[in-house]
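S.K.: My structure file run.tsv, TSV, C-alpha atoms, is below:
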```tsv
chain	number	residue	atom	x	y	z
A	1	MET	CA	-15.43	64.66	24.03
A	2	THR	CA	-19.00	63.33	24.13
A	3	ALA	CA	-21.63	63.20	26.84
A	4	ALA	CA	-21.38	59.40	26.84
A	5	MET	CA	-17.71	59.52	27.83
A	6	ARG	CA	-16.98	58.22	31.30
A	7	PHE	CA	-13.91	58.36	33.52
A	8	ALA	CA	-12.19	56.04	35.97
A	9	LYS	CA	-10.79	57.37	39.22
A	10	SER	CA	-7.38	56.30	37.92
A	11	HIS	CA	-7.79	58.93	35.13
A	12	GLU	CA	-8.61	56.74	32.13
A	13	TRP	CA	-11.55	57.73	29.92
A	14	ILE	CA	-13.82	55.38	28.00
A	15	ARG	CA	-16.21	56.22	25.18
A	16	PRO	CA	-18.82	53.74	23.88
A	17	GLU	CA	-18.85	53.38	20.08
A	18	ALA	CA	-21.78	52.56	17.81
A	19	ASP	CA	-20.40	49.10	16.99
A	20	GLY	CA	-20.49	47.92	20.60
A	21	THR	CA	-16.81	48.53	21.26
A	22	ALA	CA	-15.44	51.25	23.53
A	23	THR	CA	-12.42	53.48	23.08
A	24	VAL	CA	-10.07	54.06	26.01
A	25	GLY	CA	-7.49	56.77	26.68
A	26	ILE	CA	-6.11	58.85	29.52
A	27	SER	CA	-7.39	62.24	30.55
A	28	ALA	CA	-5.76	65.57	29.83
A	29	TYR	CA	-5.14	65.92	33.55
A	30	ALA	CA	-3.25	62.61	33.63
A	31	VAL	CA	-1.13	63.57	30.64
A	32	GLU	CA	-0.22	66.89	32.22
A	33	ALA	CA	0.61	65.27	35.57
A	34	LEU	CA	2.89	62.72	33.93
A	35	THR	CA	4.93	65.49	32.24
A	36	ASP	CA	7.37	64.54	29.46
A	37	LEU	CA	6.36	61.13	28.12
A	38	VAL	CA	9.08	58.87	26.73
A	39	PHE	CA	7.70	55.34	26.41
A	40	MET	CA	4.43	53.44	26.29
A	41	GLN	CA	3.75	49.71	26.38
A	42	LEU	CA	0.46	48.60	24.86
A	43	PRO	CA	-1.42	45.30	25.21
A	44	LYS	CA	-1.78	42.86	22.32
A	45	VAL	CA	-4.92	42.80	20.21
A	46	GLY	CA	-7.00	39.84	21.34
A	47	SER	CA	-5.79	39.99	24.95
A	48	ARG	CA	-8.19	40.35	27.83
A	49	VAL	CA	-8.29	43.28	30.20
A	50	GLU	CA	-9.92	43.24	33.60
A	51	ALA	CA	-11.59	46.23	35.21
A	52	GLY	CA	-9.18	47.97	37.55
A	53	GLN	CA	-6.20	45.93	36.40
A	54	SER	CA	-3.19	47.18	34.48
A	55	PHE	CA	-3.36	46.82	30.70
A	56	GLY	CA	-0.25	48.82	29.87
A	57	GLU	CA	2.42	51.11	31.21
A	58	ILE	CA	3.56	54.60	30.40
A	59	GLU	CA	6.88	56.19	31.26
A	60	SER	CA	7.69	59.86	31.63
A	61	VAL	CA	11.09	61.35	32.33
A	62	LYS	CA	10.60	60.80	36.04
A	63	ALA	CA	7.97	58.13	36.50
A	64	VAL	CA	6.39	54.91	35.33
A	65	SER	CA	2.63	54.57	35.71
A	66	ASP	CA	0.20	51.77	35.01
A	67	LEU	CA	-2.74	52.19	32.69
A	68	TYR	CA	-5.85	50.66	34.24
A	69	ALA	CA	-8.75	49.19	32.35
A	70	PRO	CA	-12.01	51.02	33.14
A	71	VAL	CA	-14.05	47.89	32.36
A	72	SER	CA	-13.40	44.24	31.56
A	73	GLY	CA	-13.32	43.01	28.00
A	74	GLU	CA	-11.26	42.02	24.99
A	75	VAL	CA	-8.79	44.31	23.25
A	76	VAL	CA	-9.94	44.64	19.63
A	77	ALA	CA	-7.57	47.40	18.51
A	78	VAL	CA	-4.58	49.38	19.76
A	79	ASN	CA	-3.29	52.75	18.63
A	80	ALA	CA	-0.09	51.15	17.40
A	81	THR	CA	1.55	54.37	16.24
A	82	LEU	CA	0.94	56.20	19.51
A	83	PRO	CA	4.18	55.04	21.23
A	84	GLU	CA	6.11	56.63	18.36
A	85	ARG	CA	4.30	59.96	18.70
A	86	LEU	CA	3.52	60.33	22.37
A	87	GLU	CA	3.14	64.08	21.97
A	88	THR	CA	-0.30	63.26	20.51
A	89	LEU	CA	-1.47	62.43	24.02
A	90	GLY	CA	-0.90	66.01	25.04
A	91	LYS	CA	-2.28	67.56	21.87
A	92	ASP	CA	-5.45	65.49	21.54
A	93	PRO	CA	-5.96	63.15	24.52
A	94	TYR	CA	-9.63	62.52	23.70
A	95	GLY	CA	-9.19	62.02	19.96
A	96	GLU	CA	-6.00	61.01	18.18
A	97	GLY	CA	-4.49	60.12	21.53
A	98	TRP	CA	-6.77	57.13	22.07
A	99	ILE	CA	-4.90	54.09	23.39
A	100	VAL	CA	-6.98	50.93	22.96
A	101	ARG	CA	-10.40	49.87	21.80
A	102	ILE	CA	-12.05	47.09	23.73
A	103	ARG	CA	-15.21	45.04	23.49
A	104	PRO	CA	-16.69	45.27	27.01
A	105	ASP	CA	-18.06	42.10	28.57
A	106	ASP	CA	-20.88	44.22	29.94
A	107	PRO	CA	-21.52	47.48	28.05
A	108	ALA	CA	-23.59	48.75	30.96
A	109	ALA	CA	-20.46	48.72	33.13
A	110	VAL	CA	-19.38	51.93	31.40
A	111	ASP	CA	-22.33	53.75	32.94
A	112	THR	CA	-21.10	52.97	36.45
A	113	LEU	CA	-18.03	55.15	35.94
A	114	LEU	CA	-17.72	58.89	36.59
A	115	ASP	CA	-19.36	61.38	34.27
A	116	ARG	CA	-17.51	64.53	33.30
A	117	ALA	CA	-18.78	66.63	36.20
A	118	ALA	CA	-17.90	63.98	38.77
A	119	TYR	CA	-14.48	63.50	37.24
A	120	ASP	CA	-13.78	67.23	37.25
A	121	ALA	CA	-14.70	67.29	40.94
A	122	LEU	CA	-12.29	64.42	41.57
A	123	VAL	CA	-9.47	66.23	39.84
A	124	ALA	CA	-10.22	69.41	41.75
A	125	SER	CA	-9.83	67.52	45.03
A	126	THR	CA	-6.61	65.75	43.99
A	127	PRO	CA	-3.31	66.97	45.54
A	128	HIS	CA	-1.21	69.05	43.16
B	1	MET	CA	13.73	41.46	64.48
B	2	THR	CA	10.95	44.00	64.80
B	3	SER	CA	7.36	44.06	63.67
B	4	ILE	CA	5.26	47.14	63.13
B	5	THR	CA	1.56	47.60	62.67
B	6	PRO	CA	0.71	50.86	60.91
B	7	ARG	CA	-1.73	53.21	62.57
B	8	ALA	CA	-3.21	56.03	60.52
B	9	ALA	CA	-3.56	58.31	63.53
B	10	ASP	CA	0.22	58.73	63.94
B	11	ALA	CA	1.33	62.00	62.28
B	12	ILE	CA	4.87	60.73	61.83
B	13	ILE	CA	7.21	59.95	59.01
B	14	ARG	CA	8.82	56.58	59.59
B	15	CYS	CA	12.32	55.89	58.41
B	16	TRP	CA	14.37	52.73	58.20
B	17	ILE	CA	18.13	52.78	57.75
B	18	ASP	CA	18.77	49.35	56.35
B	19	ASP	CA	21.93	47.28	56.28
B	20	PRO	CA	23.49	46.52	52.87
B	21	ALA	CA	21.41	44.14	50.78
B	22	PRO	CA	21.46	42.62	47.27
B	23	GLY	CA	19.45	44.21	44.49
B	24	ASP	CA	16.44	41.92	44.58
B	25	VAL	CA	15.98	42.51	48.31
B	26	ASN	CA	16.36	46.26	47.94
B	27	MET	CA	13.75	46.33	45.18
B	28	ALA	CA	11.39	44.18	47.22
B	29	ALA	CA	11.80	46.30	50.33
B	30	ASP	CA	10.91	49.40	48.33
B	31	GLU	CA	7.77	47.77	46.95
B	32	TRP	CA	6.81	46.70	50.46
B	33	LEU	CA	7.30	50.29	51.53
B	34	ALA	CA	4.55	51.36	49.13
B	35	GLY	CA	2.03	49.13	50.85
B	36	PHE	CA	3.18	50.36	54.23
B	37	ALA	CA	2.70	53.98	53.16
B	38	VAL	CA	-0.84	53.22	52.02
B	39	GLY	CA	-1.54	51.54	55.35
B	40	THR	CA	-0.36	54.52	57.37
B	41	GLY	CA	-1.57	57.21	54.99
B	42	LEU	CA	1.79	58.95	55.44
B	43	PRO	CA	5.16	59.16	53.68
B	44	VAL	CA	7.76	56.54	54.60
B	45	VAL	CA	11.52	56.75	54.02
B	46	ARG	CA	14.13	54.04	53.62
B	47	PHE	CA	17.86	54.61	53.32
B	48	SER	CA	19.72	51.64	51.94
B	49	CYS	CA	22.96	50.58	50.37
B	50	TRP	CA	24.11	47.60	48.35
B	51	SER	CA	26.03	44.51	49.39
B	52	ALA	CA	27.78	44.34	46.00
B	53	ALA	CA	28.26	46.56	42.99
B	54	THR	CA	25.02	46.17	41.02
B	55	LEU	CA	23.53	47.72	37.92
B	56	SER	CA	19.85	48.60	38.22
B	57	LEU	CA	17.95	49.12	34.97
B	58	GLY	CA	15.02	51.42	34.48
B	59	ALA	CA	11.65	49.76	33.96
B	60	PHE	CA	11.86	49.74	30.16
B	61	GLN	CA	15.56	49.69	29.42
B	62	GLU	CA	16.86	46.90	27.19
B	63	SER	CA	19.02	44.53	29.18
B	64	ALA	CA	20.89	43.55	26.02
B	65	ALA	CA	22.08	47.12	25.68
B	66	VAL	CA	24.08	47.18	28.92
B	67	PRO	CA	27.50	48.68	28.04
B	68	ALA	CA	30.19	46.03	27.71
B	69	GLY	CA	32.21	47.42	30.59
B	70	LEU	CA	29.30	46.88	32.97
B	71	ALA	CA	27.93	43.62	31.59
B	72	GLU	CA	29.56	41.38	34.21
B	73	LEU	CA	27.87	43.13	37.13
B	74	PRO	CA	24.82	41.71	38.90
B	75	LEU	CA	21.69	43.07	37.25
B	76	VAL	CA	18.37	44.09	38.75
B	77	ARG	CA	15.44	45.91	37.17
B	78	ARG	CA	13.60	48.68	38.95
B	79	PRO	CA	9.85	49.16	38.60
B	80	SER	CA	10.63	52.88	38.29
B	81	GLY	CA	11.73	54.62	35.14
B	82	GLY	CA	14.86	56.44	34.12
B	83	GLY	CA	18.33	55.27	33.22
B	84	ALA	CA	20.58	52.56	34.62
B	85	ILE	CA	22.34	53.19	37.91
B	86	LEU	CA	25.60	51.70	39.06
B	87	HIS	CA	25.09	51.03	42.76
B	88	GLY	CA	27.60	50.18	45.43
B	89	THR	CA	29.08	53.53	46.38
B	90	ASP	CA	25.78	55.38	46.47
B	91	LEU	CA	23.26	55.99	49.19
B	92	THR	CA	19.78	55.02	48.06
B	93	CYS	CA	16.90	57.04	49.45
B	94	THR	CA	13.47	55.60	48.81
B	95	VAL	CA	10.39	57.60	49.68
B	96	ALA	CA	6.97	55.99	49.44
B	97	VAL	CA	3.95	58.28	49.58
B	98	PRO	CA	0.22	57.57	49.47
B	99	ARG	CA	-1.40	59.09	46.40
B	100	VAL	CA	-3.81	60.98	48.66
B	101	HIS	CA	-0.92	62.80	50.34
B	102	ALA	CA	0.17	66.20	49.00
B	103	TRP	CA	3.46	64.66	47.84
B	104	GLY	CA	1.59	61.98	45.89
B	105	GLY	CA	0.17	64.37	43.29
B	106	GLU	CA	2.30	65.64	40.42
B	107	ALA	CA	5.55	63.74	39.96
B	108	GLN	CA	7.75	66.82	40.16
B	109	ARG	CA	6.54	67.75	43.64
B	110	LEU	CA	8.00	64.73	45.44
B	111	TYR	CA	11.13	64.88	43.31
B	112	ASP	CA	11.73	68.50	44.26
B	113	GLU	CA	10.85	68.11	47.95
B	114	VAL	CA	13.41	65.35	48.49
B	115	HIS	CA	16.15	66.87	46.36
B	116	ARG	CA	15.69	70.40	47.66
B	117	ALA	CA	16.09	69.07	51.19
B	118	LEU	CA	19.59	67.82	50.33
B	119	VAL	CA	20.57	71.03	48.55
B	120	ALA	CA	19.68	72.90	51.74
B	121	VAL	CA	21.73	70.53	53.90
B	122	LEU	CA	24.76	70.95	51.67
B	123	GLY	CA	24.32	74.69	51.50
B	124	ALA	CA	24.37	74.85	55.29
B	125	ALA	CA	27.63	72.89	55.19
B	126	GLY	CA	29.13	75.37	52.76
B	127	VAL	CA	28.88	73.05	49.75
B	128	GLU	CA	27.52	74.42	46.48
B	129	ALA	CA	24.80	72.31	44.88
B	130	ALA	CA	21.67	73.13	42.91
B	131	LEU	CA	18.58	71.64	41.32
B	132	HIS	CA	18.96	71.24	37.60
B	133	PRO	CA	16.58	73.60	35.78
B	134	GLY	CA	15.73	71.19	32.99
B	135	PRO	CA	16.65	70.82	29.35
B	136	ASP	CA	16.51	74.52	28.61
B	137	GLY	CA	18.55	75.58	31.60
B	138	PRO	CA	21.98	77.16	31.48
B	139	GLN	CA	23.49	74.30	33.45
B	140	ASP	CA	22.46	71.71	30.88
B	141	VAL	CA	25.90	70.63	29.74
B	142	ALA	CA	27.42	67.24	29.01
B	143	ALA	CA	23.99	65.63	29.26
B	144	GLU	CA	22.54	63.12	26.83
B	145	PRO	CA	18.75	62.76	27.11
B	146	ASP	CA	18.78	59.16	25.91
B	147	ALA	CA	21.97	58.07	27.67
B	148	TYR	CA	21.87	54.56	29.09
B	149	LEU	CA	23.16	55.64	32.49
B	150	CYS	CA	21.08	57.83	34.77
B	151	PHE	CA	24.03	60.00	35.73
B	152	ASP	CA	24.64	60.86	32.08
B	153	ARG	CA	21.11	62.28	31.83
B	154	ARG	CA	19.69	65.49	33.25
B	155	ALA	CA	16.11	66.13	34.26
B	156	ARG	CA	14.54	69.08	35.99
B	157	GLY	CA	15.19	68.76	39.70
B	158	ASP	CA	18.26	66.54	39.51
B	159	MET	CA	20.82	67.67	42.06
B	160	VAL	CA	24.01	68.88	40.41
B	161	MET	CA	27.33	70.24	41.68
B	162	PRO	CA	30.16	72.18	40.06
B	163	ASP	CA	32.65	69.70	38.66
B	164	GLY	CA	35.61	72.04	38.80
B	165	GLY	CA	35.82	72.20	35.03
B	166	GLY	CA	33.04	74.65	34.35
B	167	ASN	CA	30.30	72.04	34.14
B	168	TRP	CA	27.76	70.70	36.59
B	169	ALA	CA	27.91	67.03	37.55
B	170	LYS	CA	24.80	65.11	38.58
B	171	VAL	CA	25.10	63.48	41.98
B	172	LEU	CA	21.45	62.82	42.90
B	173	GLY	CA	18.74	61.51	40.61
B	174	SER	CA	15.39	59.90	41.32
B	175	ALA	CA	12.69	58.01	39.46
B	176	GLN	CA	9.21	57.00	40.47
B	177	ARG	CA	6.80	54.12	40.14
B	178	ARG	CA	3.32	55.49	40.44
B	179	HIS	CA	0.99	52.80	41.73
B	180	ARG	CA	-2.75	53.24	42.04
B	181	ALA	CA	-2.55	54.03	45.76
B	182	ALA	CA	1.08	55.01	46.31
B	183	VAL	CA	4.14	56.51	44.69
B	184	VAL	CA	7.54	54.92	45.24
B	185	GLN	CA	10.48	57.18	44.48
B	186	HIS	CA	13.93	55.63	44.16
B	187	GLY	CA	16.70	58.15	44.67
B	188	SER	CA	20.41	57.48	44.25
B	189	LEU	CA	22.93	59.82	45.87
B	190	LEU	CA	26.32	59.04	44.37
B	191	TRP	CA	28.76	59.31	47.26
B	192	THR	CA	32.09	58.33	45.69
B	193	LYS	CA	33.25	57.11	42.30
B	194	ASN	CA	32.48	53.42	41.94
B	195	PRO	CA	35.60	51.38	41.18
B	196	ALA	CA	33.43	48.70	39.53
B	197	GLY	CA	32.31	51.18	36.92
B	198	GLY	CA	35.57	51.73	35.08
B	199	ALA	CA	35.17	54.38	32.46
B	200	PHE	CA	31.43	54.60	33.20
B	201	ALA	CA	31.87	55.73	36.81
B	202	HIS	CA	31.10	59.27	37.88
B	203	ARG	CA	32.52	61.29	40.72
B	204	GLY	CA	30.33	61.51	43.77
B	205	LEU	CA	29.28	64.05	46.35
B	206	ALA	CA	32.25	63.44	48.66
B	207	GLU	CA	34.75	64.00	45.89
B	208	LEU	CA	33.03	67.04	44.44
B	209	ALA	CA	32.66	68.57	47.91
B	210	ALA	CA	36.35	67.93	48.55
B	211	ALA	CA	37.11	69.86	45.38
B	212	GLN	CA	35.27	72.76	47.06
B	213	GLY	CA	37.45	72.31	50.15
B	214	ARG	CA	34.74	70.58	52.18
B	215	ARG	CA	35.05	67.17	53.79
B	216	LEU	CA	31.69	65.50	54.36
B	217	ASP	CA	30.73	62.56	56.53
B	218	ARG	CA	28.27	60.20	54.86
B	219	GLU	CA	26.23	59.46	57.99
B	220	MET	CA	26.09	63.13	58.92
B	221	VAL	CA	24.75	64.02	55.47
B	222	ARG	CA	22.24	61.18	55.57
B	223	ASP	CA	20.94	62.15	59.01
B	224	ARG	CA	20.64	65.84	58.16
B	225	TRP	CA	18.99	65.01	54.85
B	226	LEU	CA	16.46	62.89	56.68
B	227	ALA	CA	15.84	65.71	59.14
B	228	ALA	CA	15.31	68.13	56.25
B	229	ILE	CA	12.87	65.77	54.49
B	230	THR	CA	11.02	65.37	57.77
B	231	GLN	CA	10.85	69.12	58.25
B	232	ALA	CA	9.53	69.59	54.71
B	233	SER	CA	6.82	67.01	55.37
B	234	GLY	CA	5.61	68.82	58.47
B	235	LEU	CA	5.60	65.52	60.33
B	236	SER	CA	7.61	64.14	63.24
B	237	LEU	CA	10.35	61.63	62.62
B	238	ALA	CA	10.06	58.09	63.94
B	239	LEU	CA	13.32	56.28	63.26
B	240	GLN	CA	12.66	52.55	63.09
B	241	GLN	CA	14.85	49.85	64.60
B	242	GLY	CA	16.23	47.01	62.49
B	243	CYS	CA	15.97	46.43	58.75
B	244	THR	CA	12.78	46.39	56.73
B	245	TRP	CA	13.74	43.06	55.16
B	246	ASP	CA	14.42	41.48	58.56
B	247	MET	CA	11.00	42.17	60.04
B	248	ASP	CA	8.57	39.44	60.95
B	249	GLY	CA	5.80	39.06	58.44
B	250	SER	CA	6.87	41.75	56.01
B	251	GLY	CA	6.84	39.33	53.09
B	252	ILE	CA	9.83	41.07	51.53
B	253	ALA	CA	11.62	37.79	50.90
B	254	ALA	CA	8.66	36.58	48.85
B	255	ILE	CA	8.48	39.83	46.89
B	256	ALA	CA	12.20	39.52	46.15
B	257	THR	CA	11.66	36.33	44.12
B	258	ARG	CA	9.90	38.45	41.52
B	259	PHE	CA	12.85	40.79	41.23
B	260	ARG	CA	15.37	37.99	40.65
B	261	ASP	CA	13.17	36.30	38.05
B	262	PRO	CA	15.01	36.47	34.70
B	263	ALA	CA	11.67	37.12	33.01
B	264	TRP	CA	11.45	40.39	34.93
B	265	ILE	CA	15.11	41.35	34.67
B	266	HIS	CA	15.16	40.74	30.92
B	267	ARG	CA	11.61	41.85	30.16
B	268	ARG	CA	13.11	44.05	27.46
```
Could I get this file's structure written as structure tokens?
M.R.:
Amino acid sequence: MTAAMRFAKSHEWIRPEADGTATVGISAYAVEALTDLVFMQLPKVGSRVEAGQSFGEIESVKAVSDLYAPVSGEVVAVNATLPERLETLGKDPYGEGWIVRIRPDDPAAVDTLLDRAAYDALVASTPH
Amino acid sequence: MTSITPRAADAIIRCWIDDPAPGDVNMAADEWLAGFAVGTGLPVVRFSCWSAATLSLGAFQESAAVPAGLAELPLVRRPSGGGAILHGTDLTCTVAVPRVHAWGGEAQRLYDEVHRALVAVLGAAGVEAALHPGPDGPQDVAAEPDAYLCFDRRARGDMVMPDGGGNWAKVLGSAQRRHRAAVVQHGSLLWTKNPAGGAFAHRGLAELAAAQGRRLDREMVRDRWLAAITQASGLSLALQQGCTWDMDGSGIAAIATRFRDPAWIHRR
């Protein structure tokens, strides 16, 4: 986890990369809340994602949840092996458990999201 | 027809008991319920049943994999997860909860609240039932984690009953769709064995209770279950008149077109 990482209220994280892209995943809290994961549907490389809109879905034993894009942009890479090893999300949600890499339309949009302290406060106030 | 405007100040749990409807309408009504729950800021309940035997698929199940003995049945796809359910002799209990509500947090909480309420009702009626402890539990018998049918799977919190043969049969299972602002939980209480299911049908609550020497009335169980859910919520019950899908301006008919679209039904 880096200081530049930001979080959406819907529990996705985004980390700007040196090449102008940004890596997206879901937080450790989200993974734990979803419990036993069984299926994940990823977007296609080259597709567009819009901030706040669903870019994929994830299923646990009891629930299906949308994955929401933290910012708008183009999908430039997906973690294609992740659906076959969903346990990685629990083991390393901020590293090997990355989901997609996007090229943000506006890189500054990342800075409008929650920093770690603000996100931790959000989680602390969320019903358990 | 009735029309309701939600008001956040009402500390009540609203419940509709709908007339039988086809699958697309039932799915649409449940999605509408999610928006209603967000509008009120409170849980909402809908009991429903099905106008014809119907197979509902989980959100990601492959429609081409429907077992041959069930392939002629009407098909609908749920937005929620889990395995396929053969409807028609079940009582469907949908609970929609705003994410900001205590029941909208971790998935297991809502699952347990609703299922535990029914276990308590049955216990008071002298019928043995329990929440399944999960894959490592001692009651985990005859279950296949990847089975196509929901009632062949077991998950923590499923309601199970002794089957008379030393095993525990699942009679209530639920699955959720977790939207950004609301959670919709579809629950299916299998009441009697479905004659449309052939070899795939499972015995229901009424039959398993009868094996324990208890005769249960479906409406009595439903009403007491609702009362127990209401009590668990800490709210007051406001039973609604009419059907959700018959209300002015609900838009349920329009939502239903999405659920009968072959592109949705056969998305996988």
S.K.: Near chain B, which residues of chain A fall within 10 Å when you count only C-alpha atoms, and what do they look like as a ChimeraX atom specification?
M.R.: /A:9-10,30,32-35,38-41,52-54,57-68,125-128
S.K.: Report as lines of an AutoDock Vina configuration file the centre and the edge lengths, in Å to one decimal, of the axis-aligned box holding every listed atom of range 30-45 of chain A, padded by 6 Å on each side.
M.R.:
```
center_x = 2.1
center_y = 54.8
center_z = 27.9
size_x = 26.0
size_y = 36.1
size_z = 27.4
```
S.K.: Neighbouring residues of range 211-215 of chain B were defined as those with any atom within 8 Å, considering only C-alpha atoms; residues of the same chain fewer than 6 positions away were excluded. Please report them as a VMD selection string.
M.R.: chain B and resid 126 to 128 164
S.K.: Measuring atom to atom with only C-alpha atoms, identify which of A:Gly97, A:Arg85, A:Val45, A:Val110 is nearest to Glu17 in chain A.
M.R.: A:Val110
S.K.: If you count all atoms listed in the file, which residues fall within 10 Å of Leu42 in chain A, apart from same-chain ones fewer than 4 positions away, as a list in words?
M.R.: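 Residues near the query, excluding close chain neighbours: Phe55, Gly56, Glu57, Ile58, Leu67, Val78, Asn79, Ala80, Leu82, Pro83, Ile99 and Val100 of chain A.
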S.K.: Excluding same-chain residues fewer than 2 positions from Ala53 in chain B, what lies within 8 Å of it counting all atoms listed in the file, as a PyMOL selection string?
M.R.: chain B and resi 50-51+55+73-74+86-89+196
S.K.: Restricting the calculation to all atoms listed in the file: of A:Val71, A:Val123, A:Ala51, A:Leu114, which residue gets closest to Ala28 in chain A?
M.R.: A:Val123
S.K.: For range 262-266 of chain B, work out the shell of residues within 6 Å, counting only C-alpha atoms and skipping chain neighbours fewer than 5 positions away, then give it as a PyMOL selection string.
M.R.: chain B and resi 63+76-77
S.K.: Using all atoms listed in the file, determine which residues lie at most 6 Å from range 249-258 of chain B, disregarding the query and same-chain residues fewer than 3 positions distant; provide the list as number ranges by chain.
M.R.: B: 24-25, 28-29, 245, 261
S.K.: Please compute the CA of Ala117 in chain A-CA of Glu96 in chain A distance, one decimal, in Å.
M.R.: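 Separating CA of Ala117 in chain A from CA of Glu96 in chain A is a distance of 22.8 Å.
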S.K.: Any chance you could model N, CA and C atoms for range 67-88 of chain A and send them as an mmCIF file, in the frame of the given file?
M.R.:
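Wrote it out as selection_33.cif, contents follow:
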```
data_model
loop_
_atom_site.group_PDB
_atom_site.id
_atom_site.type_symbol
_atom_site.label_atom_id
_atom_site.label_comp_id
_atom_site.auth_asym_id
_atom_site.auth_seq_id
_atom_site.Cartn_x
_atom_site.Cartn_y
_atom_site.Cartn_z
ATOM 1 N N LEU A 67 -1.469 51.803 33.300
ATOM 2 C CA LEU A 67 -2.740 52.190 32.690
ATOM 3 C C LEU A 67 -3.762 51.144 33.126
ATOM 4 N N TYR A 68 -4.864 51.589 33.678
ATOM 5 C CA TYR A 68 -5.850 50.660 34.240
ATOM 6 C C TYR A 68 -7.085 50.589 33.352
ATOM 7 N N ALA A 69 -7.568 49.382 33.184
ATOM 8 C CA ALA A 69 -8.750 49.190 32.350
ATOM 9 C C ALA A 69 -9.993 49.680 33.094
ATOM 10 N N PRO A 70 -10.793 50.540 32.476
ATOM 11 C CA PRO A 70 -12.010 51.020 33.140
ATOM 12 C C PRO A 70 -13.065 49.924 33.285
ATOM 13 N N VAL A 71 -13.098 49.008 32.311
ATOM 14 C CA VAL A 71 -14.050 47.890 32.360
ATOM 15 C C VAL A 71 -13.349 46.639 31.836
ATOM 16 N N SER A 72 -13.958 45.503 32.061
ATOM 17 C CA SER A 72 -13.400 44.240 31.560
ATOM 18 C C SER A 72 -13.826 44.018 30.115
ATOM 19 N N GLY A 73 -12.965 43.318 29.378
ATOM 20 C CA GLY A 73 -13.320 43.010 28.000
ATOM 21 C C GLY A 73 -12.128 42.521 27.206
ATOM 22 N N GLU A 74 -12.313 42.481 25.883
ATOM 23 C CA GLU A 74 -11.260 42.020 24.990
ATOM 24 C C GLU A 74 -10.720 43.203 24.182
ATOM 25 N N VAL A 75 -9.419 43.256 24.049
ATOM 26 C CA VAL A 75 -8.790 44.310 23.250
ATOM 27 C C VAL A 75 -9.011 43.981 21.772
ATOM 28 N N VAL A 76 -9.680 44.883 21.056
ATOM 29 C CA VAL A 76 -9.940 44.640 19.630
ATOM 30 C C VAL A 76 -9.081 45.527 18.733
ATOM 31 N N ALA A 77 -8.468 46.551 19.294
ATOM 32 C CA ALA A 77 -7.570 47.400 18.510
ATOM 33 C C ALA A 77 -6.673 48.178 19.453
ATOM 34 N N VAL A 78 -5.479 48.498 19.001
ATOM 35 C CA VAL A 78 -4.580 49.380 19.760
ATOM 36 C C VAL A 78 -4.115 50.486 18.827
ATOM 37 N N ASN A 79 -3.822 51.620 19.408
ATOM 38 C CA ASN A 79 -3.290 52.750 18.630
ATOM 39 C C ASN A 79 -1.788 52.514 18.472
ATOM 40 N N ALA A 80 -1.450 51.676 17.494
ATOM 41 C CA ALA A 80 -0.090 51.150 17.400
ATOM 42 C C ALA A 80 0.961 52.218 17.124
ATOM 43 N N THR A 81 0.556 53.328 16.535
ATOM 44 C CA THR A 81 1.550 54.370 16.240
ATOM 45 C C THR A 81 1.729 55.345 17.402
ATOM 46 N N LEU A 82 0.875 55.241 18.397
ATOM 47 C CA LEU A 82 0.940 56.200 19.510
ATOM 48 C C LEU A 82 2.298 56.189 20.226
ATOM 49 N N PRO A 83 2.884 55.014 20.526
ATOM 50 C CA PRO A 83 4.180 55.040 21.230
ATOM 51 C C PRO A 83 5.266 55.790 20.458
ATOM 52 N N GLU A 84 5.105 55.909 19.152
ATOM 53 C CA GLU A 84 6.110 56.630 18.360
ATOM 54 C C GLU A 84 5.818 58.122 18.287
ATOM 55 N N ARG A 85 4.656 58.527 18.739
ATOM 56 C CA ARG A 85 4.300 59.960 18.700
ATOM 57 C C ARG A 85 3.490 60.293 19.964
ATOM 58 N N LEU A 86 4.183 60.149 21.078
ATOM 59 C CA LEU A 86 3.520 60.330 22.370
ATOM 60 C C LEU A 86 3.043 61.765 22.593
ATOM 61 N N GLU A 87 3.582 62.694 21.825
ATOM 62 C CA GLU A 87 3.140 64.080 21.970
ATOM 63 C C GLU A 87 1.653 64.216 21.622
ATOM 64 N N THR A 88 1.122 63.244 20.870
ATOM 65 C CA THR A 88 -0.300 63.260 20.510
ATOM 66 C C THR A 88 -1.176 63.197 21.763
#
```
